[in-house]
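Structure file protein_0.cif (mmCIF, C-alpha atoms) is printed below.
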data_start
#
loop_
_atom_site.group_PDB
_atom_site.id
_atom_site.type_symbol
_atom_site.label_atom_id
_atom_site.label_comp_id
_atom_site.auth_asym_id
_atom_site.auth_seq_id
_atom_site.Cartn_x
_atom_site.Cartn_y
_atom_site.Cartn_z
ATOM 1 C CA MET J 27 -9.315 17.548 -79.606
ATOM 2 C CA LYS J 28 -6.813 15.427 -77.659
ATOM 3 C CA ILE J 29 -3.262 15.270 -79.018
ATOM 4 C CA LYS J 30 -0.290 13.263 -77.732
ATOM 5 C CA CYS J 31 3.272 14.401 -78.426
ATOM 6 C CA SER J 32 5.277 11.537 -79.921
ATOM 7 C CA ALA J 33 8.512 12.984 -78.547
ATOM 8 C CA CYS J 34 7.812 13.698 -74.852
ATOM 9 C CA LYS J 35 4.490 11.756 -74.594
ATOM 10 C CA GLN J 36 2.683 14.796 -73.178
ATOM 11 C CA ASP J 37 -1.102 14.858 -73.685
ATOM 12 C CA PHE J 38 -2.778 18.191 -74.349
ATOM 13 C CA GLN J 39 -6.079 19.540 -75.615
ATOM 14 C CA LEU J 40 -6.460 21.621 -78.771
ATOM 15 C CA PRO J 41 -9.701 23.603 -79.102
ATOM 16 C CA GLU J 42 -11.702 22.124 -81.963
ATOM 17 C CA GLU J 43 -12.669 25.585 -83.260
ATOM 18 C CA LYS J 44 -9.014 26.340 -84.038
ATOM 19 C CA VAL J 45 -8.765 23.462 -86.506
ATOM 20 C CA LYS J 46 -12.341 23.330 -87.738
ATOM 21 C CA GLY J 47 -12.504 22.205 -91.359
ATOM 22 C CA LEU J 48 -8.826 21.147 -91.449
ATOM 23 C CA THR J 49 -7.918 17.559 -92.266
ATOM 24 C CA LYS J 50 -4.166 18.048 -91.883
ATOM 25 C CA PHE J 51 -2.316 20.577 -89.759
ATOM 26 C CA ALA J 52 0.790 21.093 -87.632
ATOM 27 C CA VAL J 53 0.960 22.095 -83.970
ATOM 28 C CA LYS J 54 3.838 22.646 -81.590
ATOM 29 C CA CYS J 55 4.004 20.697 -78.345
ATOM 30 C CA PRO J 56 3.682 23.201 -75.471
ATOM 31 C CA ARG J 57 6.061 21.139 -73.365
ATOM 32 C CA CYS J 58 9.039 20.251 -75.593
ATOM 33 C CA GLY J 59 8.408 22.269 -78.775
ATOM 34 C CA GLU J 60 8.185 19.205 -81.021
ATOM 35 C CA LYS J 61 6.352 19.830 -84.318
ATOM 36 C CA ILE J 62 3.405 17.420 -84.496
ATOM 37 C CA ILE J 63 1.696 16.661 -87.807
ATOM 38 C CA VAL J 64 -1.966 15.708 -87.384
ATOM 39 C CA ASN J 65 -3.711 13.984 -90.287
ATOM 40 C CA ARG J 66 -7.343 13.248 -89.566
ATOM 41 C CA LYS J 67 -7.773 11.309 -92.797
ATOM 42 C CA GLU J 68 -5.503 8.510 -91.618
ATOM 43 C CA GLU J 69 -7.402 5.333 -90.863
ATOM 44 C CA GLU J 70 -6.289 1.890 -89.799
ATOM 45 C CA ARG J 71 -5.505 -0.300 -92.764
ATOM 46 C CA PRO J 72 -7.762 -3.332 -93.189
ATOM 47 C CA GLU J 73 -6.600 -6.798 -92.164
ATOM 48 C CA GLU J 74 -5.900 -7.817 -95.764
ATOM 49 C CA ASP J 75 -3.317 -5.005 -95.994
ATOM 50 C CA SER J 76 -1.499 -6.483 -93.010
ATOM 51 C CA LEU J 77 -1.430 -9.873 -94.703
ATOM 52 C CA LEU J 78 -0.111 -8.279 -97.893
ATOM 53 C CA GLU J 79 2.573 -6.499 -95.866
ATOM 54 C CA SER J 80 3.749 -9.793 -94.337
ATOM 55 C CA LYS J 81 3.873 -11.433 -97.768
ATOM 56 C CA THR J 82 5.789 -8.483 -99.231
ATOM 57 C CA CYS J 83 8.417 -8.625 -96.470
ATOM 58 C CA LEU J 84 9.211 -12.235 -97.382
ATOM 59 C CA GLU J 85 10.132 -11.262 -100.956
ATOM 60 C CA PHE J 86 13.143 -9.147 -99.958
ATOM 61 C CA GLU J 87 16.104 -9.602 -97.650
ATOM 62 C CA PRO J 88 17.406 -6.865 -95.323
ATOM 63 C CA GLU J 89 20.116 -4.706 -96.877
ATOM 64 C CA ASN J 90 23.711 -5.454 -95.930
ATOM 65 C CA ILE J 91 24.684 -1.828 -95.291
ATOM 66 C CA PRO J 92 28.218 -1.369 -93.909
ATOM 67 C CA VAL J 93 28.322 0.109 -90.413
ATOM 68 C CA GLY J 94 28.694 3.879 -90.512
ATOM 69 C CA LYS J 95 27.808 4.160 -94.203
ATOM 70 C CA ALA J 96 24.883 6.384 -95.191
ATOM 71 C CA SER J 97 22.210 4.714 -97.312
ATOM 72 C CA ALA J 98 19.878 5.989 -100.013
ATOM 73 C CA LEU J 99 16.847 4.521 -101.758
ATOM 74 C CA LEU J 100 15.928 5.860 -105.195
ATOM 75 C CA PHE J 101 12.502 5.338 -106.745
ATOM 76 C CA ILE J 102 12.854 7.491 -109.851
ATOM 77 C CA LYS J 103 11.432 6.527 -113.235
ATOM 78 C CA ASP J 104 13.353 9.192 -115.194
ATOM 79 C CA VAL J 105 16.285 7.124 -116.529
ATOM 80 C CA LYS J 106 18.627 10.075 -117.086
ATOM 81 C CA LEU J 107 17.930 11.546 -113.665
ATOM 82 C CA ILE J 108 18.372 8.311 -111.736
ATOM 83 C CA THR J 109 21.694 7.701 -113.497
ATOM 84 C CA GLU J 110 22.943 11.164 -112.591
ATOM 85 C CA LEU J 111 21.638 10.833 -109.016
ATOM 86 C CA GLY J 112 23.389 7.489 -108.662
ATOM 87 C CA ASP J 113 26.708 8.992 -109.801
ATOM 88 C CA PHE J 114 26.275 11.962 -107.455
ATOM 89 C CA LEU J 115 25.571 9.771 -104.421
ATOM 90 C CA GLN J 116 28.292 7.260 -105.218
ATOM 91 C CA GLU J 117 30.800 10.096 -105.152
ATOM 92 C CA LYS J 118 29.545 10.810 -101.634
ATOM 93 C CA GLU J 119 30.008 7.113 -100.779
ATOM 94 C CA TYR J 120 26.350 6.304 -100.145
ATOM 95 C CA PHE J 121 25.093 2.757 -100.151
ATOM 96 C CA LEU J 122 22.564 2.824 -103.017
ATOM 97 C CA ARG J 123 19.399 0.919 -103.699
ATOM 98 C CA GLU J 124 17.553 1.705 -106.934
ATOM 99 C CA VAL J 125 14.050 0.253 -107.188
ATOM 100 C CA LYS J 126 11.987 -0.135 -110.332
ATOM 101 C CA ASP J 127 8.386 -0.294 -109.121
ATOM 102 C CA TYR J 128 6.030 0.409 -106.233
ATOM 103 C CA PRO J 129 5.867 -3.153 -104.800
ATOM 104 C CA GLU J 130 9.651 -3.378 -104.531
ATOM 105 C CA CYS J 131 9.952 0.087 -103.022
ATOM 106 C CA ARG J 132 7.244 -0.645 -100.467
ATOM 107 C CA GLY J 133 8.741 -4.029 -99.628
ATOM 108 C CA ARG J 134 12.219 -2.644 -99.041
ATOM 109 C CA LEU J 135 10.910 0.213 -96.894
ATOM 110 C CA LEU J 136 9.079 -2.299 -94.723
ATOM 111 C CA ILE J 137 12.296 -4.085 -93.734
ATOM 112 C CA ASN J 138 15.034 -1.455 -94.115
ATOM 113 C CA ASN J 139 15.800 1.974 -92.701
ATOM 114 C CA TYR J 140 17.397 4.323 -95.236
ATOM 115 C CA ASP J 141 18.949 7.686 -94.395
ATOM 116 C CA LEU J 142 17.853 9.275 -97.669
ATOM 117 C CA ILE J 143 14.850 8.541 -99.887
ATOM 118 C CA PHE J 144 14.174 9.987 -103.346
ATOM 119 C CA LEU J 145 10.669 9.716 -104.769
ATOM 120 C CA GLU J 146 9.340 10.997 -108.084
ATOM 121 C CA GLU J 147 6.023 12.807 -107.796
ATOM 122 C CA GLY J 148 3.015 10.736 -108.795
ATOM 123 C CA GLU J 149 0.439 8.211 -107.611
ATOM 124 C CA ASP J 150 3.023 5.658 -106.434
ATOM 125 C CA ALA J 151 4.853 8.297 -104.398
ATOM 126 C CA ASP J 152 1.565 9.379 -102.792
ATOM 127 C CA LYS J 153 0.840 5.813 -101.680
ATOM 128 C CA LEU J 154 4.330 5.388 -100.251
ATOM 129 C CA LEU J 155 4.183 8.727 -98.438
ATOM 130 C CA ALA J 156 0.866 7.760 -96.865
ATOM 131 C CA GLU J 157 2.612 4.743 -95.324
ATOM 132 C CA ILE J 158 5.706 6.714 -94.372
ATOM 133 C CA ASN J 159 3.366 9.045 -92.490
ATOM 134 C CA THR J 160 2.592 6.164 -90.123
ATOM 135 C CA TRP J 161 6.237 5.519 -89.200
ATOM 136 C CA PRO J 162 7.365 6.021 -85.605
ATOM 137 C CA GLN J 163 8.332 9.637 -84.983
ATOM 138 C CA LEU J 164 12.046 8.917 -84.474
ATOM 139 C CA ARG J 165 12.395 6.919 -87.687
ATOM 140 C CA ARG J 166 10.669 9.602 -89.734
ATOM 141 C CA ARG J 167 12.711 12.361 -88.136
ATOM 142 C CA ASN J 168 15.973 10.634 -89.040
ATOM 143 C CA THR J 169 15.016 10.090 -92.688
ATOM 144 C CA ASN J 170 15.547 12.773 -95.314
ATOM 145 C CA ILE J 171 12.808 12.415 -97.936
ATOM 146 C CA ILE J 172 13.173 14.391 -101.152
ATOM 147 C CA LEU J 173 10.286 14.558 -103.612
ATOM 148 C CA ILE J 174 11.183 15.347 -107.216
ATOM 149 C CA GLY J 175 8.627 16.710 -109.666
ATOM 150 C CA GLN J 176 7.786 19.366 -112.226
ATOM 151 C CA ARG J 177 4.667 21.153 -110.978
ATOM 152 C CA GLY J 178 6.163 23.377 -108.271
ATOM 153 C CA ARG J 179 9.158 25.558 -107.566
ATOM 154 C CA ASP J 180 12.252 24.322 -105.735
ATOM 155 C CA PHE J 181 11.881 24.144 -101.931
ATOM 156 C CA ASP J 182 8.126 24.731 -102.209
ATOM 157 C CA GLN J 183 7.039 24.637 -98.554
ATOM 158 C CA LYS J 184 3.363 24.148 -99.374
ATOM 159 C CA ILE J 185 4.055 21.006 -101.407
ATOM 160 C CA SER J 186 6.535 19.761 -98.787
ATOM 161 C CA PHE J 187 3.900 20.136 -96.067
ATOM 162 C CA GLU J 188 1.083 18.605 -98.120
ATOM 163 C CA LYS J 189 3.212 15.602 -99.054
ATOM 164 C CA SER J 190 5.014 15.341 -95.674
ATOM 165 C CA VAL J 191 8.479 15.423 -97.245
ATOM 166 C CA ASN J 192 11.587 17.300 -96.185
ATOM 167 C CA PHE J 193 12.273 18.941 -99.530
ATOM 168 C CA TYR J 194 10.686 19.374 -102.937
ATOM 169 C CA LEU J 195 12.868 19.877 -106.028
ATOM 170 C CA ASN J 196 11.806 20.671 -109.585
ATOM 171 C CA LYS J 197 13.929 18.564 -111.904
ATOM 172 C CA GLU J 198 13.531 21.071 -114.758
ATOM 173 C CA SER J 199 14.541 24.238 -112.891
ATOM 174 C CA GLY J 200 18.302 24.117 -113.470
ATOM 175 C CA GLU J 201 21.286 23.729 -111.107
ATOM 176 C CA PHE J 202 19.580 20.648 -109.732
ATOM 177 C CA PHE J 203 22.621 19.180 -108.003
ATOM 178 C CA LEU J 204 23.596 22.458 -106.349
ATOM 179 C CA LYS J 205 20.101 22.564 -104.865
ATOM 180 C CA LEU J 206 20.338 18.909 -103.887
ATOM 181 C CA GLU J 207 23.574 19.686 -102.051
ATOM 182 C CA LYS J 208 21.696 22.338 -100.092
ATOM 183 C CA CYS J 209 18.994 19.788 -99.194
ATOM 184 C CA LEU J 210 21.604 17.430 -97.793
ATOM 185 C CA ASN J 211 23.416 20.160 -95.857
ATOM 186 C CA ASP J 212 20.217 21.667 -94.423
ATOM 187 C CA PHE J 213 18.989 18.262 -93.286
ATOM 188 C CA ALA J 214 22.337 17.510 -91.620
ATOM 189 C CA ILE J 215 22.011 20.754 -89.633
ATOM 190 C CA TYR J 216 18.389 19.953 -88.739
ATOM 191 C CA LEU J 217 19.303 16.465 -87.554
ATOM 192 C CA SER J 218 22.267 17.703 -85.558
ATOM 193 C CA CYS J 219 20.027 20.177 -83.709
ATOM 194 C CA TRP J 220 17.593 17.408 -82.808
ATOM 195 C CA GLN J 221 20.369 15.135 -81.601
ATOM 196 C CA GLN J 222 21.787 17.894 -79.400
ATOM 197 C CA ASN J 223 18.301 18.565 -78.051
ATOM 198 C CA ASP J 224 17.855 14.858 -77.258
ATOM 199 C CA GLN J 225 21.166 14.805 -75.391
ATOM 200 C CA THR J 226 20.197 17.859 -73.388
ATOM 201 C CA ARG J 227 16.833 16.358 -72.413
ATOM 202 C CA ALA J 228 18.525 13.095 -71.415
ATOM 203 C CA GLN J 229 20.746 15.007 -68.990
ATOM 204 C CA ILE J 230 17.859 16.788 -67.295
#
Let me see the structure of the file written as structure tokens.
Amino acid sequence: MKIKCSACKQDFQLPEEKVKGLTKFAVKCPRCGEKIIVNRKEEERPEEDSLLESKTCLEFEPENIPVGKASALLFIKDVKLITELGDFLQEKEYFLREVKDYPECRGRLLINNYDLIFLEEGEDADKLLAEINTWPQLRRRNTNIILIGQRGRDFDQKISFEKSVNFYLNKESGEFFLKLEKCLNDFAIYLSCWQQNDQTRAQI
């Protein structure tokens, strides 16, 4: 199986027997160490989807996010939780965008880049994550996506991998905002490491 690293553009071959029966898996680039997610179920969207995407883009204007200000998009249907999340992020001086339904969320993601995205587990989140999975590698790497649900434990790595999110939090597990703080701090460290790595590679 031929794989191309989205970071360094290196092509390499992966023996088919090592991934036989797997539809989604992760491999490390032998050249730069980049983690590559391979999803064999992904197919090109039909032409009508492209037309729908163009129409959706026209319904929303790009966000006017102040330079240097972090931005967050919240697609949470739990009224109490989204109110508390909004207060938490406003204290941290985030630019906030709360969306009410799937079409609006999809439309805004098509024309805006947010630093932080909150999604509530469910069918709508699955559809959005399938599209997010097609983003360019750099955009996805720079976006912290947190999935909130009830079926798994906090920081469940299996769910995070299956859904292609950075973190999974259970909204019923207690100390939610302490755990959210950890998500933000851990992602900041992760992003800083990547940025340092990019600088080092640029100097070589």
Size and centre in Å, one decimal, axis-aligned box, all listed segment 211-228 of chain J atoms plus 5 Å per side, as lines of an AutoDock Vina configuration file:
center_x = 20.1
center_y = 17.4
center_z = -83.6
size_x = 16.6
size_y = 18.6
size_z = 34.4
Using the chain letters and numbers from the file, which residues does the PyMOL selection byres ((chain J and resi 179-188) around 10) grab, as a ChimeraX atom specification? /J:50-52,63,171-178,189-200,202,205-206,209
Which residues are near Gln36 of chain J? Cut-off 8 Å, all atoms listed in the file, ignore same chain within fewer than 4 positions. Put them as a list in words.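 The filter keeps Lys30, Cys31, Ser32, Cys55 and Arg57 of chain J.
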With distances taken over only C-alpha atoms, which of J:Asp127, J:Phe114, J:Leu155, J:Lys95 is nearest to Tyr140 of chain J?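 Among the listed residues, J:Lys95 lies closest to Tyr140 of chain J.
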Please compute the atom CA of Gln222 of chain J-atom CA of Glu119 of chain J distance, one decimal, in Å. 25.3 Å
Å distance separating atom CA of Cys34 of chain J from atom CA of Ile158 of chain J, one decimal place: 20.8 Å
Could you tell me which residues the PyMOL selection byres ((chain J and resi 167) around 12) returns for this structure, as an MDAnalysis selection string? chainID J and resid 32:33 60:63 139:142 158:159 161:166 168:171 190:192 213:214 216:221
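Residue nearest Glu147 of chain J within the list J:Ile102, J:Met27, J:Val53, J:Leu204: J:Ile102 [criterion: smallest interatomic distance, all atoms listed in the file].
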Quick one: which residues end up in the PyMOL selection byres ((chain J and resi 108) around 12) for this structure, as a list in words? Leu99, Leu100, Phe101, Ile102, Lys103, Asp104, Val105, Lys106, Leu107, Thr109, Glu110, Leu111, Gly112, Asp113, Phe114, Leu115, Gln116, Leu122, Arg123, Glu124, Val125, Lys126, Phe144, Leu145, Glu146, Ile174 and Lys197 of chain J
Atom CA of Pro88 of chain J to atom CA of Ile137 of chain J, straight-line distance in Å: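 We find that atom CA of Ile137 of chain J and atom CA of Pro88 of chain J lie 6.0 Å from each other.
If only C-alpha atoms are the atoms counted, then among J:Pro41, J:Glu117, J:Leu48, J:Phe86 the closest residue to Gly133 of chain J is J:Phe86.
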So which residues touch Ala96 of chain J within 7 Å, counting only C-alpha atoms, skipping near sequence neighbours fewer than 2 positions away, as number ranges by chain? J: 94, 98, 120-121, 141
Minimum-distance residue to Arg132 of chain J, chosen among J:Glu157, J:Glu87, J:Glu149, J:Glu42 (using only C-alpha atoms):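 Closest residue, counting only C-alpha atoms: J:Glu157.
Distance check against Ser97 of chain J using all atoms listed in the file: of J:Ile29, J:Pro129, J:Ile143, J:Arg134, the minimum falls on J:Ile143.
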